[in-house]
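Encoded as structure tokens, the structure appears first; notes follow it.
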Amino acid sequence: MYLIGLFSGSRFFSFLGSLRAVVPSYYVTVKYLREVTPYFRKATILADIGWELPHGFLLNKDSLFTNNKNGSTMATRPDTKQIPLALCFLSRGLSHQDTEMRLIELWSPDAKHVCVLRCMDATEASAWFNALHSCVAQLMQRAIAQANQLLAELLDSNGIKHMAWMAQKVTGEKSGLQWKPVFGVVTEKDFLLYDAVPWTKDSWASPSLSYPLITTRLVHSSASRHGSAIFTSLNDIIVLSTRTGTRHGVEVHTFRVDTHRDLATWARTLVQGAHAAALAVKEITCPCTWSGQETELMIHYDNGFTLRDVVRLEDGHRTRIIWHYPFESLRMSADDGHRILWLDFGGDDGEQELDLHSCPKPVVFILHTFLSAKVNRLGLFA
């Protein structure tokens with residue numbers, strides 16, 4: 001039998017006297033308080049490390065993230081702390097300056113907690129980062145499959161193609177350039193951004209930003225100068241930028257990732273997603289004014305540009321084609337950023353001026369996506 005306790009000097013000898021009356025022989029091991037204090041401090045420190053995943057929805061009793069039949073997480077020893085890697089954000093040099101490249105950052109799925117690990121040197125940090133990144137990537141693929149099952153009704157066949165954490169470039173008034181964690185999701189039609197992992201259906205339905213893929217374009221991506229699997233200094237940040245045509249103009253976003261694989265995955269998903277969305281939409285129609293007439297401009301993925309004069313009658317409406325041009329006839333397009341779109345088809349007709357009554361950027365970006373998808377279908381790269 002083992003008894004462990006903390007005693008002052010007088011109480012300790014009183015305890016020994018009582019113990020002798022019960023146990024004829026025994027061994028006593030005495031340690032000074034300063035020798036056992038680290039055990040209590042360790043428990044206090046571990047209590048402040050890590051986070052717990054919320055239960056329900058993505059993490060239910062049948063979740064792919066649980067480790068046993070009862071749906072509970074793996075039991076841990078009292079002197080250890082388990083940090084779940086599911087849906088966390090793995091990064092380097094995001095919240096702390098790391099000139100020696102020895103730090104690894106693990107952000108919680110709600111982006112409110114961060115666990116910073118410091119390694120002995122840059123080589124050890126790279127090894128740990130690669131191992132953790134592999135685990136996080138595998139768990140994210142399982143999360144995508146889980147989310148597609150649970151959100152089938154909400155997504156309405158608009159399945160999730162990719163989702164992962166990135167760091168978005170923001171400019172603060174006081175601190176200047178910063179990067180903040182954002183959770184990005186690409187579905188078959190949209191590019192969604194969340195401030196944290198959406199754990200509920202209501203959260204999934206309420207992203208911080210939502211952009212149609214067909215009006216979103218990848219305009220820039222850069223890898224680290226040294227060509228390594230991860231950036232090796234603060235000057236080797238791997239970034240990608242997107243531009244989206246909206247009714248308020250062009251919105252530009254710059255994101256940072258930590259590996260070449262992440263960069264390639266995001267670039268491929270965004271480009272292929274935009275092309276697939278173009279094939280699904282096939283055509284758009286928008287009201288406009290041409291030469292003082294109220295007309296409709298139709299842009300068709302296969303047939304090109306058609307301007308129709310719409311005459312509305314009591315029993316319906318009748319349309320008359322004013323002009324039609326295939327995509328091959330387009331020489332140039334331009335806009336004023338407010339409401340005017342110019343399409344130059346060359347020849348005798350020359351440039352056509354259209355008043356779209358609103359910002360022309362969504363139409364312009366859809367036009368460019370149609371052209372990019374058609375070029376890609378021919379086996380070329382836009």
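By convention here, the chains of the structure tokens are called A, B, ... in the order presented, each chain's residues are numbered starting at 1, and ligands are numbered starting at 1 in the order presented.
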Need the shell around Ala167 in chain A: protein/DNA/RNA residues with any atom at most 7 Å away, counting only C-alpha atoms. Skip same-chain ones fewer than 3 positions apart. Format as a PDB file with all heavy atoms, in the first residue's frame?
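See selection-v1.pdb below for the written result:
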```pdb
ATOM      1  N   TRP A 179      -1.667  39.462 -41.080  1.00  0.00           N
ATOM      2  CA  TRP A 179      -2.302  38.288 -41.671  1.00  0.00           C
ATOM      3  C   TRP A 179      -3.233  37.696 -40.623  1.00  0.00           C
ATOM      4  O   TRP A 179      -2.837  37.511 -39.481  1.00  0.00           O
ATOM      5  CB  TRP A 179      -1.251  37.248 -42.070  1.00  0.00           C
ATOM      6  CG  TRP A 179      -0.279  37.720 -43.094  1.00  0.00           C
ATOM      7  CD1 TRP A 179       0.914  38.343 -42.867  1.00  0.00           C
ATOM      8  CD2 TRP A 179      -0.419  37.623 -44.508  1.00  0.00           C
ATOM      9  NE1 TRP A 179       1.529  38.633 -44.045  1.00  0.00           N
ATOM     10  CE2 TRP A 179       0.735  38.205 -45.080  1.00  0.00           C
ATOM     11  CE3 TRP A 179      -1.394  37.095 -45.355  1.00  0.00           C
ATOM     12  CZ2 TRP A 179       0.933  38.273 -46.454  1.00  0.00           C
ATOM     13  CZ3 TRP A 179      -1.201  37.167 -46.721  1.00  0.00           C
ATOM     14  CH2 TRP A 179      -0.054  37.754 -47.257  1.00  0.00           C
ATOM     15  N   LYS A 180      -4.452  37.414 -41.004  1.00  0.00           N
ATOM     16  CA  LYS A 180      -5.396  36.820 -40.069  1.00  0.00           C
ATOM     17  C   LYS A 180      -5.871  35.469 -40.612  1.00  0.00           C
ATOM     18  O   LYS A 180      -6.029  35.290 -41.825  1.00  0.00           O
ATOM     19  CB  LYS A 180      -6.597  37.735 -39.843  1.00  0.00           C
ATOM     20  CG  LYS A 180      -7.556  37.828 -41.020  1.00  0.00           C
ATOM     21  CD  LYS A 180      -8.833  38.556 -40.630  1.00  0.00           C
ATOM     22  CE  LYS A 180      -9.847  38.526 -41.780  1.00  0.00           C
ATOM     23  NZ  LYS A 180     -11.130  39.166 -41.400  1.00  0.00           N
ATOM     24  N   PRO A 181      -6.100  34.482 -39.742  1.00  0.00           N
ATOM     25  CA  PRO A 181      -6.575  33.176 -40.205  1.00  0.00           C
ATOM     26  C   PRO A 181      -7.993  33.269 -40.768  1.00  0.00           C
ATOM     27  O   PRO A 181      -8.862  33.932 -40.200  1.00  0.00           O
ATOM     28  CB  PRO A 181      -6.543  32.319 -38.932  1.00  0.00           C
ATOM     29  CG  PRO A 181      -5.654  33.045 -37.979  1.00  0.00           C
ATOM     30  CD  PRO A 181      -5.817  34.496 -38.299  1.00  0.00           C
ATOM     31  N   VAL A 182      -8.223  32.620 -41.894  1.00  0.00           N
ATOM     32  CA  VAL A 182      -9.557  32.495 -42.476  1.00  0.00           C
ATOM     33  C   VAL A 182      -9.737  31.054 -42.942  1.00  0.00           C
ATOM     34  O   VAL A 182      -8.783  30.410 -43.387  1.00  0.00           O
ATOM     35  CB  VAL A 182      -9.786  33.467 -43.655  1.00  0.00           C
ATOM     36  CG1 VAL A 182      -9.830  34.901 -43.189  1.00  0.00           C
ATOM     37  CG2 VAL A 182      -8.732  33.275 -44.732  1.00  0.00           C
ATOM     38  N   PHE A 255      -4.013  35.853 -50.111  1.00  0.00           N
ATOM     39  CA  PHE A 255      -3.952  34.809 -49.090  1.00  0.00           C
ATOM     40  C   PHE A 255      -2.538  34.236 -49.024  1.00  0.00           C
ATOM     41  O   PHE A 255      -1.810  34.217 -50.013  1.00  0.00           O
ATOM     42  CB  PHE A 255      -4.945  33.687 -49.399  1.00  0.00           C
ATOM     43  CG  PHE A 255      -6.358  34.147 -49.558  1.00  0.00           C
ATOM     44  CD1 PHE A 255      -6.895  34.381 -50.815  1.00  0.00           C
ATOM     45  CD2 PHE A 255      -7.165  34.363 -48.444  1.00  0.00           C
ATOM     46  CE1 PHE A 255      -8.200  34.809 -50.962  1.00  0.00           C
ATOM     47  CE2 PHE A 255      -8.467  34.798 -48.576  1.00  0.00           C
ATOM     48  CZ  PHE A 255      -8.988  35.020 -49.846  1.00  0.00           C
ATOM     49  N   ARG A 256      -2.220  33.749 -47.855  1.00  0.00           N
ATOM     50  CA  ARG A 256      -0.907  33.149 -47.619  1.00  0.00           C
ATOM     51  C   ARG A 256      -1.084  31.688 -47.204  1.00  0.00           C
ATOM     52  O   ARG A 256      -1.925  31.363 -46.378  1.00  0.00           O
ATOM     53  CB  ARG A 256      -0.186  33.926 -46.525  1.00  0.00           C
ATOM     54  CG  ARG A 256       1.008  33.209 -45.910  1.00  0.00           C
ATOM     55  CD  ARG A 256       1.602  34.061 -44.802  1.00  0.00           C
ATOM     56  NE  ARG A 256       2.364  33.252 -43.864  1.00  0.00           N
ATOM     57  CZ  ARG A 256       2.957  33.730 -42.776  1.00  0.00           C
ATOM     58  NH1 ARG A 256       2.861  35.009 -42.492  1.00  0.00           N
ATOM     59  NH2 ARG A 256       3.625  32.926 -41.968  1.00  0.00           N
ATOM     60  N   VAL A 257      -0.273  30.811 -47.798  1.00  0.00           N
ATOM     61  CA  VAL A 257      -0.241  29.407 -47.415  1.00  0.00           C
ATOM     62  C   VAL A 257       1.195  29.048 -47.065  1.00  0.00           C
ATOM     63  O   VAL A 257       2.119  29.831 -47.298  1.00  0.00           O
ATOM     64  CB  VAL A 257      -0.777  28.505 -48.555  1.00  0.00           C
ATOM     65  CG1 VAL A 257      -2.255  28.773 -48.802  1.00  0.00           C
ATOM     66  CG2 VAL A 257       0.016  28.717 -49.844  1.00  0.00           C
TER      67      VAL A 257
END
```
Do a neighbour search on range 342-348 of chain A at 6 Å with only C-alpha atoms, toss out local chain neighbours closer than 5 positions, and write the hits as a PyMOL selection string.
chain A and resi 329-335+353
Write a file of the selected residues as a compact mmCIF listing (two decimals), in the first residue's frame, keeping N, CA, C and O atoms.
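Result written to result.txt:
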```txt
# COMPACT_ATOMS: atom_id res chain seq x y z
N SER A 329 -15.03 36.63 -82.95
CA SER A 329 -15.06 37.98 -83.52
C SER A 329 -14.66 39.06 -82.53
O SER A 329 -14.39 40.20 -82.93
N LEU A 330 -14.63 38.74 -81.26
CA LEU A 330 -14.32 39.74 -80.24
C LEU A 330 -12.84 40.12 -80.31
O LEU A 330 -11.96 39.28 -80.20
N ARG A 331 -12.59 41.42 -80.48
CA ARG A 331 -11.22 41.92 -80.54
C ARG A 331 -10.78 42.52 -79.20
O ARG A 331 -9.62 42.41 -78.81
N MET A 332 -11.70 43.14 -78.51
CA MET A 332 -11.34 43.80 -77.26
C MET A 332 -12.61 44.09 -76.47
O MET A 332 -13.69 44.26 -77.05
N SER A 333 -12.49 44.12 -75.16
CA SER A 333 -13.59 44.52 -74.29
C SER A 333 -13.05 45.50 -73.26
O SER A 333 -11.88 45.41 -72.85
N ALA A 334 -13.89 46.43 -72.85
CA ALA A 334 -13.48 47.43 -71.85
C ALA A 334 -14.74 47.93 -71.15
O ALA A 334 -15.87 47.71 -71.61
N ASP A 335 -14.54 48.58 -69.99
CA ASP A 335 -15.65 49.15 -69.25
C ASP A 335 -15.16 50.34 -68.46
O ASP A 335 -13.95 50.52 -68.27
N GLU A 353 -21.31 49.97 -77.83
CA GLU A 353 -21.39 50.53 -76.48
C GLU A 353 -22.71 50.14 -75.84
O GLU A 353 -23.77 50.38 -76.41
```
Nearest to Leu150 in chain A by atom-to-atom distance, counting only C-alpha atoms, from A:Thr200, A:Thr265, A:Gln178, A:Ser291:
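Result for the nearest residue to Leu150 in chain A: A:Thr200.
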Choose the residue, out of A:Ile322, A:Ile104, A:Leu263, A:Leu90, that has the smallest atom-to-atom separation from Cys119 in chain A; count only C-alpha atoms.
A:Ile104
If we count only C-alpha atoms and set the cut-off at 10 Å, which residues sit around range 298-300 of chain A, ignoring sequence neighbours fewer than 2 positions away in its own chain? Please answer as a list in words.
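So the residues in contact are Ala278, Val281, Lys282, Glu283, Ile284, Thr285, Cys286, Pro287, Thr295, Glu296, Asp302, Asn303, Gly304, Phe305, Thr306, Leu307, Arg308, His324, Tyr325, Pro326, Phe327, Val363, Ile366, Leu367 and Phe370 of chain A.
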Written file, previous selection with C-alpha atoms, as a PDB file, in the first residue's frame:
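Below is the file part_1.pdb, written as the result:
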```
ATOM      1  CA  ALA A 278     -19.080  28.315 -66.568  1.00  0.00           C
ATOM      2  CA  VAL A 281     -24.296  28.209 -66.154  1.00  0.00           C
ATOM      3  CA  LYS A 282     -23.830  28.141 -69.940  1.00  0.00           C
ATOM      4  CA  GLU A 283     -25.401  31.567 -70.550  1.00  0.00           C
ATOM      5  CA  ILE A 284     -26.279  34.867 -68.893  1.00  0.00           C
ATOM      6  CA  THR A 285     -28.748  37.568 -69.868  1.00  0.00           C
ATOM      7  CA  CYS A 286     -28.740  41.172 -68.662  1.00  0.00           C
ATOM      8  CA  PRO A 287     -30.891  44.183 -69.593  1.00  0.00           C
ATOM      9  CA  THR A 295     -32.431  45.665 -75.167  1.00  0.00           C
ATOM     10  CA  GLU A 296     -31.054  42.451 -73.671  1.00  0.00           C
ATOM     11  CA  ASP A 302     -21.022  28.218 -77.186  1.00  0.00           C
ATOM     12  CA  ASN A 303     -22.879  30.746 -79.339  1.00  0.00           C
ATOM     13  CA  GLY A 304     -21.240  33.990 -78.274  1.00  0.00           C
ATOM     14  CA  PHE A 305     -22.915  37.418 -78.067  1.00  0.00           C
ATOM     15  CA  THR A 306     -26.507  38.204 -78.995  1.00  0.00           C
ATOM     16  CA  LEU A 307     -28.272  41.546 -78.600  1.00  0.00           C
ATOM     17  CA  ARG A 308     -32.067  41.336 -78.652  1.00  0.00           C
ATOM     18  CA  HIS A 324     -24.947  38.436 -83.138  1.00  0.00           C
ATOM     19  CA  TYR A 325     -21.205  37.719 -82.946  1.00  0.00           C
ATOM     20  CA  PRO A 326     -19.297  34.549 -82.049  1.00  0.00           C
ATOM     21  CA  PHE A 327     -16.487  34.701 -79.500  1.00  0.00           C
ATOM     22  CA  VAL A 363     -20.543  40.577 -66.674  1.00  0.00           C
ATOM     23  CA  ILE A 366     -18.143  36.032 -66.477  1.00  0.00           C
ATOM     24  CA  LEU A 367     -17.093  36.834 -70.043  1.00  0.00           C
ATOM     25  CA  PHE A 370     -16.189  31.780 -70.482  1.00  0.00           C
TER      26      PHE A 370
END
```
Select, from A:Val114, A:Val364, A:Val375, A:Ala86, the residue with the minimum atom-to-atom distance to Gly249 in chain A, counting only C-alpha atoms.
A:Val364
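Residue nearest Asp258 in chain A, chosen from A:Asn130, A:Thr99, A:Thr123, A:Thr242 and counting only C-alpha atoms: A:Asn130.
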Taking only C-alpha atoms into account, which of A:Ala280, A:Leu117, A:Ala152, A:Ile160 comes nearest Asp98 in chain A?
A:Leu117
So that I can check the secondary structure, give me every residue of range 225-377 of chain A assigned strand (DSSP E) by backbone DSSP, as a VMD selection string.
chain A and resid 238 to 246 249 to 257 283 to 290 293 to 300 304 to 313 316 to 325 332 to 335 340 to 344 351 to 355
